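Colleague: Just so it is clear, I am handing over run.txt, which has compact mmCIF, C-alpha atoms and all ligand atoms.
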# COMPACT_ATOMS: atom_id res chain seq x y z
CA MET W 1 18.10 -12.75 47.88
CA ALA W 2 19.18 -11.01 44.66
CA VAL W 3 21.89 -8.39 44.76
CA GLN W 4 21.27 -5.35 42.55
CA VAL W 5 24.17 -4.69 40.21
CA LEU W 6 24.59 -1.17 38.77
CA ASP W 7 26.50 -0.03 35.68
CA SER W 8 28.83 2.96 35.53
CA ARG W 9 25.82 5.25 35.02
CA LYS W 10 23.98 3.74 38.00
CA ARG W 11 21.52 1.83 35.86
CA PRO W 12 20.35 -1.46 37.39
CA LEU W 13 20.27 -4.74 35.46
CA ARG W 14 16.62 -5.78 35.36
CA ASP W 15 15.83 -7.41 32.01
CA ILE W 16 17.51 -10.04 29.95
CA ARG W 17 16.55 -10.47 26.32
CA ILE W 18 17.51 -13.91 25.12
CA SER W 19 17.91 -14.72 21.44
CA VAL W 20 17.34 -18.42 20.83
CA THR W 21 18.24 -18.49 17.13
CA ASP W 22 19.75 -16.16 14.51
CA LYS W 23 17.58 -17.71 11.77
CA CYS W 24 14.31 -16.31 10.49
CA ASN W 25 11.69 -17.23 7.90
CA PHE W 26 11.19 -13.52 7.04
CA ARG W 27 13.61 -11.17 5.31
CA CYS W 28 12.52 -7.75 6.54
CA GLN W 29 14.65 -5.21 4.72
CA TYR W 30 15.24 -3.22 7.93
CA CYS W 31 16.62 -6.25 9.75
CA MET W 32 17.77 -9.10 7.47
CA PRO W 33 17.94 -7.78 3.90
CA ALA W 34 17.62 -10.75 1.52
CA GLU W 35 20.61 -9.65 -0.54
CA ILE W 36 22.86 -10.02 2.53
CA PHE W 37 21.09 -12.86 4.35
CA GLY W 38 21.01 -15.16 1.30
CA PRO W 39 21.38 -18.95 0.96
CA ASP W 40 25.12 -18.76 1.69
CA TYR W 41 24.84 -16.64 4.82
CA PRO W 42 26.80 -18.31 7.64
CA PHE W 43 24.11 -18.80 10.27
CA LEU W 44 25.21 -20.34 13.55
CA PRO W 45 25.60 -24.13 13.51
CA GLN W 46 23.61 -26.05 16.15
CA HIS W 47 26.62 -26.84 18.36
CA LYS W 48 27.34 -23.14 18.82
CA LEU W 49 23.85 -22.38 20.12
CA LEU W 50 23.38 -22.38 23.87
CA THR W 51 21.38 -25.42 24.93
CA PHE W 52 18.16 -24.89 26.89
CA GLU W 53 19.96 -26.11 30.02
CA GLU W 54 22.71 -23.53 29.51
CA ILE W 55 20.15 -20.76 28.95
CA ALA W 56 18.24 -21.73 32.09
CA ARG W 57 21.44 -21.82 34.11
CA LEU W 58 22.37 -18.33 32.92
CA ALA W 59 18.84 -17.15 33.69
CA ARG W 60 19.28 -18.34 37.29
CA ILE W 61 22.54 -16.44 37.55
CA PHE W 62 21.04 -13.29 35.99
CA THR W 63 18.10 -13.34 38.42
CA SER W 64 20.56 -13.52 41.32
CA LEU W 65 21.82 -10.14 40.04
CA GLY W 66 18.41 -8.46 39.99
CA VAL W 67 16.86 -9.56 36.69
CA SER W 68 13.13 -10.28 36.94
CA LYS W 69 12.00 -9.97 33.33
CA ILE W 70 12.92 -12.28 30.47
CA ARG W 71 12.14 -11.73 26.82
CA ILE W 72 12.66 -14.52 24.30
CA THR W 73 13.53 -13.32 20.83
CA GLY W 74 15.59 -14.16 17.73
CA GLY W 75 15.84 -14.21 14.63
CA GLU W 76 12.43 -15.79 14.78
CA PRO W 77 12.22 -17.59 18.14
CA LEU W 78 9.57 -20.03 16.92
CA MET W 79 12.13 -21.41 14.44
CA ARG W 80 13.87 -23.01 17.44
CA ARG W 81 12.54 -26.49 18.00
CA ASP W 82 10.62 -27.32 21.18
CA LEU W 83 10.60 -23.79 22.57
CA PRO W 84 7.92 -24.63 25.18
CA ALA W 85 10.52 -26.86 26.89
CA LEU W 86 12.72 -23.80 27.42
CA ILE W 87 9.79 -21.74 28.70
CA ARG W 88 9.01 -24.51 31.20
CA MET W 89 12.58 -24.38 32.50
CA LEU W 90 12.61 -20.59 32.75
CA ARG W 91 9.28 -20.61 34.58
CA GLN W 92 10.91 -22.57 37.36
CA VAL W 93 13.67 -20.02 37.91
CA ASP W 94 13.19 -18.16 41.20
CA GLY W 95 12.78 -14.42 40.80
CA VAL W 96 11.44 -14.47 37.23
CA GLN W 97 8.25 -12.42 37.26
CA ASP W 98 7.57 -11.93 33.59
CA ILE W 99 8.35 -14.09 30.55
CA ALA W 100 7.53 -12.51 27.20
CA MET W 101 8.38 -13.35 23.61
CA THR W 102 8.76 -11.18 20.51
CA THR W 103 7.72 -12.99 17.32
CA ASN W 104 6.77 -12.26 13.74
CA GLY W 105 3.61 -14.27 14.44
CA SER W 106 3.68 -16.44 11.33
CA LEU W 107 4.08 -19.68 13.30
CA LEU W 108 2.25 -18.55 16.41
CA ALA W 109 -1.18 -20.07 15.68
CA LYS W 110 0.44 -23.51 15.83
CA HIS W 111 2.32 -22.94 19.08
CA ALA W 112 0.30 -20.48 21.19
CA GLU W 113 -1.43 -23.01 23.40
CA ALA W 114 1.69 -25.02 24.16
CA LEU W 115 3.60 -21.83 24.98
CA LYS W 116 0.90 -20.69 27.37
CA ALA W 117 0.74 -24.12 29.01
CA ALA W 118 4.52 -24.02 29.44
CA GLY W 119 4.28 -20.75 31.37
CA LEU W 120 4.77 -17.95 28.83
CA ASP W 121 3.01 -14.79 30.06
CA ARG W 122 2.72 -12.75 26.91
CA VAL W 123 3.74 -12.19 23.31
CA THR W 124 4.60 -9.12 21.30
CA VAL W 125 3.79 -9.71 17.65
CA SER W 126 5.46 -7.64 14.96
CA LEU W 127 3.23 -6.46 12.12
CA ASP W 128 3.94 -3.47 9.90
CA SER W 129 0.89 -3.35 7.62
CA LEU W 130 -2.61 -4.75 7.17
CA ASP W 131 -2.23 -4.59 3.40
CA ASP W 132 -1.18 -7.95 1.97
CA GLU W 133 0.82 -6.64 -0.94
CA ARG W 134 2.76 -4.18 1.20
CA PHE W 135 3.26 -6.67 4.00
CA GLY W 136 4.53 -9.31 1.58
CA LYS W 137 7.15 -6.85 0.34
CA ILE W 138 8.13 -5.75 3.86
CA ASN W 139 8.65 -9.30 5.08
CA GLY W 140 10.53 -10.11 1.89
CA ARG W 141 8.96 -13.57 1.55
CA GLY W 142 5.35 -12.88 0.62
CA TYR W 143 3.87 -13.97 3.96
CA LYS W 144 0.21 -13.00 4.35
CA VAL W 145 -1.31 -10.68 6.94
CA ALA W 146 -3.91 -13.37 7.70
CA ASP W 147 -1.18 -15.75 8.97
CA VAL W 148 -0.06 -13.18 11.53
CA LEU W 149 -3.61 -12.21 12.52
CA ALA W 150 -4.36 -15.90 13.08
CA GLY W 151 -1.33 -16.07 15.38
CA ILE W 152 -2.51 -13.02 17.32
CA GLU W 153 -5.99 -14.48 17.65
CA ALA W 154 -4.64 -17.84 18.83
CA ALA W 155 -2.41 -16.16 21.41
CA ALA W 156 -5.31 -14.14 22.82
CA GLN W 157 -7.53 -17.24 22.86
CA ALA W 158 -4.85 -19.16 24.74
CA GLY W 159 -4.83 -16.45 27.41
CA LEU W 160 -1.47 -14.87 26.55
CA GLY W 161 -1.08 -11.11 26.92
CA VAL W 162 -0.73 -9.57 23.44
CA LYS W 163 0.94 -6.40 22.13
CA ILE W 164 1.68 -5.45 18.54
CA ASN W 165 4.91 -3.81 17.29
CA MET W 166 4.93 -1.79 14.09
CA VAL W 167 8.17 -0.37 12.65
CA VAL W 168 7.30 2.83 10.78
CA GLN W 169 9.26 3.96 7.72
CA ARG W 170 8.45 7.15 5.83
CA GLU W 171 8.38 5.79 2.28
CA VAL W 172 7.08 2.36 3.24
CA ASN W 173 4.10 2.30 5.59
CA VAL W 174 3.03 5.73 6.83
CA ASP W 175 -0.35 5.07 5.20
CA ASP W 176 -0.78 2.08 7.48
CA ILE W 177 -0.58 4.05 10.73
CA LEU W 178 -4.27 4.94 10.95
CA PRO W 179 -5.66 1.62 9.69
CA MET W 180 -3.43 -0.22 12.18
CA ALA W 181 -4.47 2.10 15.04
CA ARG W 182 -8.18 1.67 14.25
CA TYR W 183 -7.93 -2.09 13.86
CA PHE W 184 -6.01 -2.84 17.04
CA ARG W 185 -8.05 -0.39 19.09
CA GLU W 186 -11.09 -2.34 18.00
CA GLN W 187 -9.37 -5.64 18.84
CA GLY W 188 -8.34 -4.32 22.27
CA HIS W 189 -4.58 -4.92 21.74
CA ILE W 190 -1.89 -2.35 22.53
CA LEU W 191 -0.16 -1.25 19.33
CA ARG W 192 3.33 0.22 19.63
CA PHE W 193 4.90 2.31 16.88
CA ILE W 194 8.68 1.90 16.62
CA GLU W 195 10.92 4.50 15.02
CA PHE W 196 13.03 2.90 12.28
CA MET W 197 16.50 2.36 13.78
CA ASP W 198 20.02 2.09 12.41
CA VAL W 199 20.58 -1.38 13.82
CA GLY W 200 23.30 -3.57 12.32
CA ASN W 201 25.40 -2.53 9.34
CA THR W 202 23.28 -3.49 6.35
CA ASN W 203 19.76 -2.12 6.64
CA GLY W 204 20.28 1.05 4.60
CA TRP W 205 19.05 3.32 7.41
CA ARG W 206 18.48 7.00 6.63
CA LEU W 207 17.35 9.63 9.07
CA ASP W 208 14.86 10.98 6.54
CA GLN W 209 13.07 7.60 6.63
CA VAL W 210 12.39 7.92 10.36
CA VAL W 211 8.89 9.11 11.21
CA PRO W 212 9.19 10.89 14.57
CA SER W 213 6.77 9.60 17.22
CA ARG W 214 5.48 13.12 17.71
CA GLU W 215 4.20 13.09 14.13
CA ILE W 216 2.48 9.73 14.65
CA VAL W 217 0.76 10.97 17.81
CA GLU W 218 -0.47 14.07 15.99
CA MET W 219 -1.79 12.03 13.09
CA ILE W 220 -3.78 9.69 15.33
CA HIS W 221 -4.89 12.44 17.70
CA GLU W 222 -6.57 14.29 14.87
CA GLU W 223 -8.93 11.38 14.30
CA MET W 224 -8.99 9.75 17.76
CA PRO W 225 -7.94 12.15 20.53
CA LEU W 226 -5.10 10.88 22.72
CA GLU W 227 -3.86 11.73 26.19
CA PRO W 228 -0.45 10.80 27.65
CA ILE W 229 -0.34 8.34 30.56
CA ASP W 230 2.38 7.42 33.05
CA PRO W 231 4.85 4.60 32.46
CA ASN W 232 3.98 1.21 33.94
CA TYR W 233 7.48 0.76 35.34
CA TYR W 234 10.91 2.39 35.62
CA GLY W 235 12.70 2.29 32.29
CA GLU W 236 9.68 1.37 30.17
CA VAL W 237 10.72 1.58 26.52
CA ALA W 238 7.39 2.81 25.17
CA SER W 239 5.75 6.14 26.02
CA ARG W 240 2.08 5.44 26.59
CA TYR W 241 -1.01 7.26 25.33
CA ARG W 242 -4.67 6.47 25.95
CA TYR W 243 -7.56 7.15 23.60
CA ALA W 244 -9.33 9.92 25.52
CA GLY W 245 -12.15 8.63 27.66
CA SER W 246 -11.23 4.98 27.22
CA GLU W 247 -8.91 2.30 28.61
CA GLU W 248 -7.42 1.50 25.21
CA GLU W 249 -3.87 2.62 24.66
CA ILE W 250 -0.96 2.82 22.22
CA GLY W 251 2.80 3.06 22.74
CA LEU W 252 5.56 4.99 20.99
CA ILE W 253 9.12 3.70 20.94
CA SER W 254 11.21 6.72 20.07
CA SER W 255 14.77 5.49 20.12
CA VAL W 256 15.82 8.02 17.49
CA THR W 257 14.03 11.23 18.45
CA GLN W 258 13.72 10.77 22.23
CA ALA W 259 16.41 8.36 23.35
CA PHE W 260 15.78 6.46 26.58
CA CYS W 261 19.31 5.29 27.40
CA SER W 262 19.38 7.00 30.79
CA THR W 263 16.98 4.38 32.20
CA CYS W 264 18.08 1.40 30.11
CA THR W 265 18.10 -1.73 32.26
CA ARG W 266 18.40 -4.28 29.47
CA ALA W 267 21.13 -6.81 28.77
CA ARG W 268 21.03 -9.11 25.77
CA LEU W 269 22.17 -12.67 25.32
CA SER W 270 22.84 -13.88 21.78
CA ALA W 271 21.98 -17.39 20.65
CA GLU W 272 25.67 -18.33 20.85
CA GLY W 273 25.97 -17.10 24.42
CA LYS W 274 27.46 -13.62 24.15
CA MET W 275 26.22 -10.95 26.51
CA TYR W 276 25.68 -7.50 24.99
CA ASN W 277 25.15 -4.37 27.03
CA CYS W 278 23.53 -2.42 24.18
CA LEU W 279 21.45 -3.11 21.08
CA PHE W 280 24.09 -1.21 19.12
CA ALA W 281 27.18 -2.77 20.69
CA SER W 282 30.16 -3.66 18.49
CA SER W 283 31.08 -6.70 20.52
CA GLY W 284 29.73 -9.01 23.19
CA PHE W 285 31.18 -10.86 26.15
CA ASP W 286 31.39 -14.61 25.70
CA LEU W 287 29.66 -16.64 28.40
CA ARG W 288 29.51 -19.93 26.49
CA GLU W 289 33.15 -20.78 26.99
CA PRO W 290 33.12 -20.40 30.78
CA LEU W 291 29.83 -22.34 30.82
CA ARG W 292 31.37 -25.21 28.83
CA GLU W 293 34.83 -25.05 30.42
CA GLY W 294 33.53 -25.85 33.89
CA SER W 295 33.25 -22.47 35.63
CA ASP W 296 30.90 -22.62 38.59
CA ASP W 297 27.89 -20.31 39.06
CA ALA W 298 29.77 -17.93 41.37
CA GLN W 299 32.52 -17.43 38.78
CA ILE W 300 30.04 -16.79 35.96
CA ARG W 301 28.09 -14.44 38.18
CA GLU W 302 31.28 -12.51 38.79
CA LEU W 303 31.95 -12.25 35.04
CA ILE W 304 28.42 -10.98 34.34
CA SER W 305 28.37 -8.42 37.12
CA GLY W 306 31.85 -7.19 36.18
CA TYR W 307 30.77 -6.75 32.55
CA TRP W 308 27.63 -4.84 33.57
CA GLU W 309 29.46 -2.67 36.11
CA GLN W 310 31.83 -1.26 33.50
CA ARG W 311 28.94 -0.54 31.08
CA GLN W 312 28.83 2.98 29.67
CA ASP W 313 26.63 2.41 26.60
CA ARG W 314 24.16 5.08 25.53
CA TYR W 315 24.25 4.77 21.77
CA SER W 316 20.85 6.32 21.04
CA GLU W 317 21.69 9.43 23.01
CA GLU W 318 24.89 9.80 21.01
CA ARG W 319 23.56 8.67 17.61
CA LEU W 320 22.98 12.06 16.14
CA LEU W 321 26.41 13.24 17.23
CA HIS W 322 28.14 10.60 15.11
CA THR W 323 29.74 11.86 11.93
CA PRO W 324 27.88 10.46 8.91
CA GLY W 325 30.02 7.86 7.14
CA LEU W 326 32.03 7.15 10.27
CA THR W 327 29.60 4.73 11.84
CA ARG W 328 31.02 1.90 13.89
CA ASP W 329 30.58 -1.81 13.31
CA LYS W 330 27.42 -2.99 15.12
CA VAL W 331 26.00 -6.38 15.95
CA GLU W 332 23.14 -7.41 13.62
CA MET W 333 19.58 -7.13 14.98
CA SER W 334 18.81 -10.73 13.97
CA HIS W 335 21.77 -11.83 16.10
CA ILE W 336 20.60 -10.28 19.38
CA GLY W 337 16.91 -9.91 18.72
CA GLY W 338 15.99 -6.26 19.24
N1 LIG L 1 17.28 1.57 21.10
C1 LIG L 1 16.64 0.64 21.80
N2 LIG L 1 15.55 0.07 21.31
C2 LIG L 1 14.96 -0.86 22.06
C3 LIG L 1 15.40 -1.23 23.33
N3 LIG L 1 14.59 -2.18 23.82
C4 LIG L 1 13.67 -2.38 22.91
N4 LIG L 1 13.88 -1.58 21.82
C5 LIG L 1 13.10 -1.49 20.60
O1 LIG L 1 11.79 -1.48 20.95
C6 LIG L 1 11.13 -2.56 20.31
C7 LIG L 1 10.05 -3.07 21.23
O2 LIG L 1 10.62 -3.82 22.20
P1 LIG L 1 9.80 -4.82 23.05
O3 LIG L 1 10.65 -5.97 23.35
O4 LIG L 1 8.49 -5.07 22.41
O5 LIG L 1 9.61 -3.87 24.31
P2 LIG L 1 9.62 -4.15 25.82
O6 LIG L 1 10.14 -2.97 26.52
O7 LIG L 1 10.29 -5.42 26.16
O8 LIG L 1 8.07 -4.24 26.02
P3 LIG L 1 7.20 -4.38 27.33
O9 LIG L 1 7.93 -5.38 28.18
O10 LIG L 1 5.93 -4.91 26.81
O11 LIG L 1 7.10 -3.05 27.95
C8 LIG L 1 12.23 -3.58 20.05
O12 LIG L 1 11.90 -4.43 19.04
C9 LIG L 1 13.36 -2.69 19.70
O13 LIG L 1 13.19 -2.36 18.34
C10 LIG L 1 16.56 -0.60 23.80
O14 LIG L 1 17.04 -0.88 24.89
N5 LIG L 1 17.15 0.32 23.00
C1 LIG L 2 14.70 -8.53 15.49
S1 LIG L 2 13.00 -8.91 15.76
C2 LIG L 2 13.11 -10.53 16.49
C3 LIG L 2 11.80 -11.16 16.83
C4 LIG L 2 10.87 -11.54 15.70
N1 LIG L 2 11.52 -12.08 14.58
C5 LIG L 2 10.01 -10.35 15.31
O1 LIG L 2 10.20 -9.82 14.21
O2 LIG L 2 9.18 -9.98 16.12
C6 LIG L 2 12.51 -7.92 17.17
C7 LIG L 2 11.87 -6.61 16.85
O3 LIG L 2 12.81 -5.74 16.30
C8 LIG L 2 12.15 -4.89 15.39
N2 LIG L 2 13.14 -4.34 14.45
C9 LIG L 2 13.94 -5.03 13.62
N3 LIG L 2 14.70 -4.19 12.89
C10 LIG L 2 14.38 -2.93 13.28
C11 LIG L 2 14.81 -1.64 12.92
N4 LIG L 2 15.74 -1.45 11.98
N5 LIG L 2 14.27 -0.57 13.54
C12 LIG L 2 13.33 -0.74 14.49
N6 LIG L 2 12.89 -1.95 14.90
C13 LIG L 2 13.39 -3.02 14.29
C14 LIG L 2 11.17 -5.83 14.74
O4 LIG L 2 10.12 -5.17 14.10
C15 LIG L 2 10.68 -6.64 15.91
O5 LIG L 2 9.58 -6.02 16.51
S1 LIG L 3 12.41 -8.29 12.23
FE1 LIG L 3 12.03 -10.34 13.03
S2 LIG L 3 10.81 -11.22 11.37
FE2 LIG L 3 11.81 -9.51 10.44
S3 LIG L 3 13.71 -10.36 9.59
FE3 LIG L 3 14.16 -9.56 11.66
S4 LIG L 3 14.04 -11.32 12.93
FE4 LIG L 3 12.92 -11.82 11.05
S1 LIG L 4 20.71 2.42 22.67
FE1 LIG L 4 21.69 0.93 24.02
S2 LIG L 4 21.84 1.94 25.99
FE2 LIG L 4 20.41 3.14 24.75
S3 LIG L 4 18.40 2.33 25.31
FE3 LIG L 4 19.07 1.16 23.53
S4 LIG L 4 20.14 -0.65 24.33
FE4 LIG L 4 19.91 0.82 25.98
Kindly transcribe the structure held in the file into structure tokens.
Modeller:
Amino acid sequence: MAVQVLDSRKRPLRDIRISVTDKCNFRCQYCMPAEIFGPDYPFLPQHKLLTFEEIARLARIFTSLGVSKIRITGGEPLMRRDLPALIRMLRQVDGVQDIAMTTNGSLLAKHAEALKAAGLDRVTVSLDSLDDERFGKINGRGYKVADVLAGIEAAAQAGLGVKINMVVQREVNVDDILPMARYFREQGHILRFIEFMDVGNTNGWRLDQVVPSREIVEMIHEEMPLEPIDPNYYGEVASRYRYAGSEEEIGLISSVTQAFCSTCTRARLSAEGKMYNCLFASSGFDLREPLREGSDDAQIRELISGYWEQRQDRYSEERLLHTPGLTRDKVEMSHIGG
């Protein structure tokens, strides 16, 4: 029977987001700008990555503390070899109710069936534009929209649940909001609009580039009337809206204009085995050393619960109080996976 561990603001630990690699085949400017993440960038060497056995062991310990939802992420998680083997191991962990993966979709067509067969429940595919030229610039490597759409199609065909994530930036892809909404409504997939966030230290974030969710809702509502609907579960990141008179819906992830820290139940595990209590944390808590130095499950469980219990993080609620220019050092998004 799992024990529910609470942080200093009484928030339970429910989700663990596991990054399986810090590498990616894309170079999205808002996450891994090519000028920083170049050929000499010191990505993690293989021996520093948690093995699948180590990840599965940690997952068992996390579920004993109340976690029931696992999200696999990266970097690009499909860059990690033999990912279905990890999914198979996680599927066998008692207490895991939901295994999802966030991916850029470019390699998904090849792997969707094997992932489903291994026990993956659903994928969230990131796509910021349906226009090839714009998308090629956004992903920094000229990848085509068709590659990602093929991945989405293959995932749906394989029987995986599918959602789409779109990061919206004022001077980049506001014109894509309506075409994306129309297209994914037609396809029957939930599209979620994410406010551009100041993750990491290198993505050149500016508040004036953030398109507030309210504005996105108004824009869509004018063409396709929307009505708000209740969250699916406590602490859901996205606010949900339904196209009036239908079952089709969209989501808005408003980390900048309507922070949701007060119900944040998410811990993150980096590919090298550090636990982070916030997407914007400056440092993580190393679990790889105790794993490799022979600590038993009870000792590691104690370390994890202790680290969660002292958690006070609520970066997004405080963001706009920070003095410009005095920002703190933050972990990179590609390191802990969003
Ligand atoms: N600031 C902040 N942003 C988050 C947090 N969790 C997710 N996000 C952002 O929201 C985006 C969407 O996250 P997903 O992983 O698709 O959302 P999710 O809540 O796991 O989705 P569902 O399980 O489908 O409800 C991420 O890529 C991040 O950019 C969080 O705890 N804080
Ligand atoms: C870091 S990526 C990792 C998984 C995979 N590579 C992908 O892109 O889906 C996870 C999510 O974070 C989102 N993301 C990255 N940088 C962001 C930023 N600065 N603001 C908002 N969302 C961001 C991406 O769009 C993606 O949906
Ligand atoms: S958002 Fe995802 S696809 Fe884009 S650079 Fe980051 S990790 Fe890669
Ligand atoms: S900013 Fe940190 S505490 Fe707030 S919702 Fe995001 S991860 Fe959770």
Colleague: Excluding Met89 of chain W and residues on its chain fewer than 3 positions from it, collect all residues at most 9 Å away from it, counting all atoms listed in the file, and give them as a list in words.
Modeller: Phe52, Glu53, Ala56, Pro84, Ala85, Leu86, Gln92, Val93 and Ala118 of chain W
Colleague: Using all atoms listed in the file, which residues have at least one atom no more than 7 Å from ligand LIG 2 (chain L)? Output them as a list in words.
Modeller: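 Written in the requested form, the residues are Cys24, Tyr30, Cys31, Thr73, Gly74, Gly75, Glu76, Pro77, Thr102, Thr103, Asn104, Thr124, Val125, Ser126, Asn165, Met166, Val167, Ile194, Glu195, Phe196, Met197, Asp198, Val199, Asn203, Met333, Ser334, Gly337 and Gly338 of chain W.
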Colleague: Give me the residues within 8 Å of Arg301 of chain W as a list of chain:residue names, counting all atoms listed in the file and dropping any in the same chain fewer than 3 places off.
Modeller: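 So, after excluding close chain neighbours, the residues are W:Ile61, W:Phe62, W:Leu65, W:Asp297, W:Ala298, W:Ile304, W:Ser305.
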Colleague: Restricting the output to C-alpha atoms, write the selected residues as a PDB file, keeping the file's coordinate frame.
Modeller:
ATOM      1  CA  ILE W  61      22.540 -16.440  37.550  1.00  0.00           C
ATOM      2  CA  PHE W  62      21.040 -13.290  35.990  1.00  0.00           C
ATOM      3  CA  LEU W  65      21.820 -10.140  40.040  1.00  0.00           C
ATOM      4  CA  ASP W 297      27.890 -20.310  39.060  1.00  0.00           C
ATOM      5  CA  ALA W 298      29.770 -17.930  41.370  1.00  0.00           C
ATOM      6  CA  ILE W 304      28.420 -10.980  34.340  1.00  0.00           C
ATOM      7  CA  SER W 305      28.370  -8.420  37.120  1.00  0.00           C
TER       8      SER W 305
END
Colleague: For Leu127 of chain W, find every residue with an atom within 12 Å (counting only C-alpha atoms), except residues of its own chain fewer than 6 positions away, and show them as a ChimeraX atom specification.
Modeller: /W:26,28,102-106,134-136,138-139,143-149,151-152,163-168,173,176-177,180-181,184,191-194
Colleague: Segment 217-233 of chain W: which residues within 10 Å, counting only C-alpha atoms, same-chain residues fewer than 5 positions away excluded, as a ChimeraX atom specification?
Modeller: /W:177-178,181-182,193,212,238-246,248-252
Colleague: Counting all atoms listed in the file, what are the residues, protein, DNA or RNA alike, that approach ligand LIG 1 (chain L) to within 6 Å? I want them as a list of chain:residue names.
Modeller: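 My answer, listing the contacting residues, is W:Thr124, W:Glu236, W:Val237, W:Ile253, W:Ser255, W:Cys264, W:Arg266, W:Leu279, W:Ser316, W:Gly338.
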Colleague: So, counting only C-alpha atoms and all ligand atoms, which residue among W:Ile87, W:Met275, W:Val20, W:Ala155 is closest to ligand LIG 3 (chain L)?
Modeller: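 Once distances to ligand LIG 3 (chain L) are computed over only C-alpha atoms and all ligand atoms, the minimum belongs to W:Val20.
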Colleague: May I ask for the distance between atom CA of Pro179 of chain W and atom CA of Glu215 of chain W, given in Å to one decimal place?
Modeller: 15.8 Å
Colleague: Select, from W:Arg80, W:Arg292, W:Lys10, W:Arg268, the residue with the minimum atom-to-atom distance to ligand LIG 4 (chain L), counting all atoms listed in the file.
Modeller: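 So, comparing all the options, the nearest one is W:Arg268.
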Colleague: Distance atom CA of Ser262 of chain W-atom CA of Gly235 of chain W, one decimal place?
Modeller: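 Atom CA of Gly235 of chain W lies 8.3 Å from atom CA of Ser262 of chain W.
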Colleague: Could you list, as a short mmCIF file (atom, residue, chain, number, x, y, z; two decimals) with C-alpha atoms, keeping the file's coordinate frame, all residues that come within 6 Å of ligand LIG 4 (chain L)? Count all atoms listed in the file.
Modeller:
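This is the output file out02.cif:
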data_model
loop_
_atom_site.label_atom_id
_atom_site.label_comp_id
_atom_site.auth_asym_id
_atom_site.auth_seq_id
_atom_site.Cartn_x
_atom_site.Cartn_y
_atom_site.Cartn_z
CA PHE W 260 15.78 6.46 26.58
CA CYS W 261 19.31 5.29 27.40
CA CYS W 264 18.08 1.40 30.11
CA CYS W 278 23.53 -2.42 24.18
CA LEU W 279 21.45 -3.11 21.08
CA PHE W 280 24.09 -1.21 19.12
CA ASP W 313 26.63 2.41 26.60
CA ARG W 314 24.16 5.08 25.53
CA TYR W 315 24.25 4.77 21.77
CA SER W 316 20.85 6.32 21.04
#
Colleague: Choose the residue, out of W:Gly294, W:Pro42, W:Gly188, W:Gly200, that has the smallest atom-to-atom separation from ligand LIG 3 (chain L); count only C-alpha atoms and all ligand atoms.
Modeller: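 Closest candidate: W:Gly200.
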Colleague: Within 6 Å of segment 1-8 of chain W, counting all atoms listed in the file, which residues show up once you throw out same-chain ones fewer than 4 positions away? Write them as a list in words, please.
Modeller: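 In the requested format, the answer is Pro12, Ser64, Leu65, Gly66, Trp308, Glu309, Gln310, Arg311 and Gln312 of chain W.
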Colleague: Taking all atoms of segment 36-46 of chain W that the file lists and extending 4 Å past them on each side, where is the centre of the axis-aligned box and how long are its edges? Answer in Å to one decimal, as lines of an AutoDock Vina configuration file.
Modeller:
center_x = 23.9
center_y = -18.0
center_z = 8.6
size_x = 13.8
size_y = 24.0
size_z = 23.2
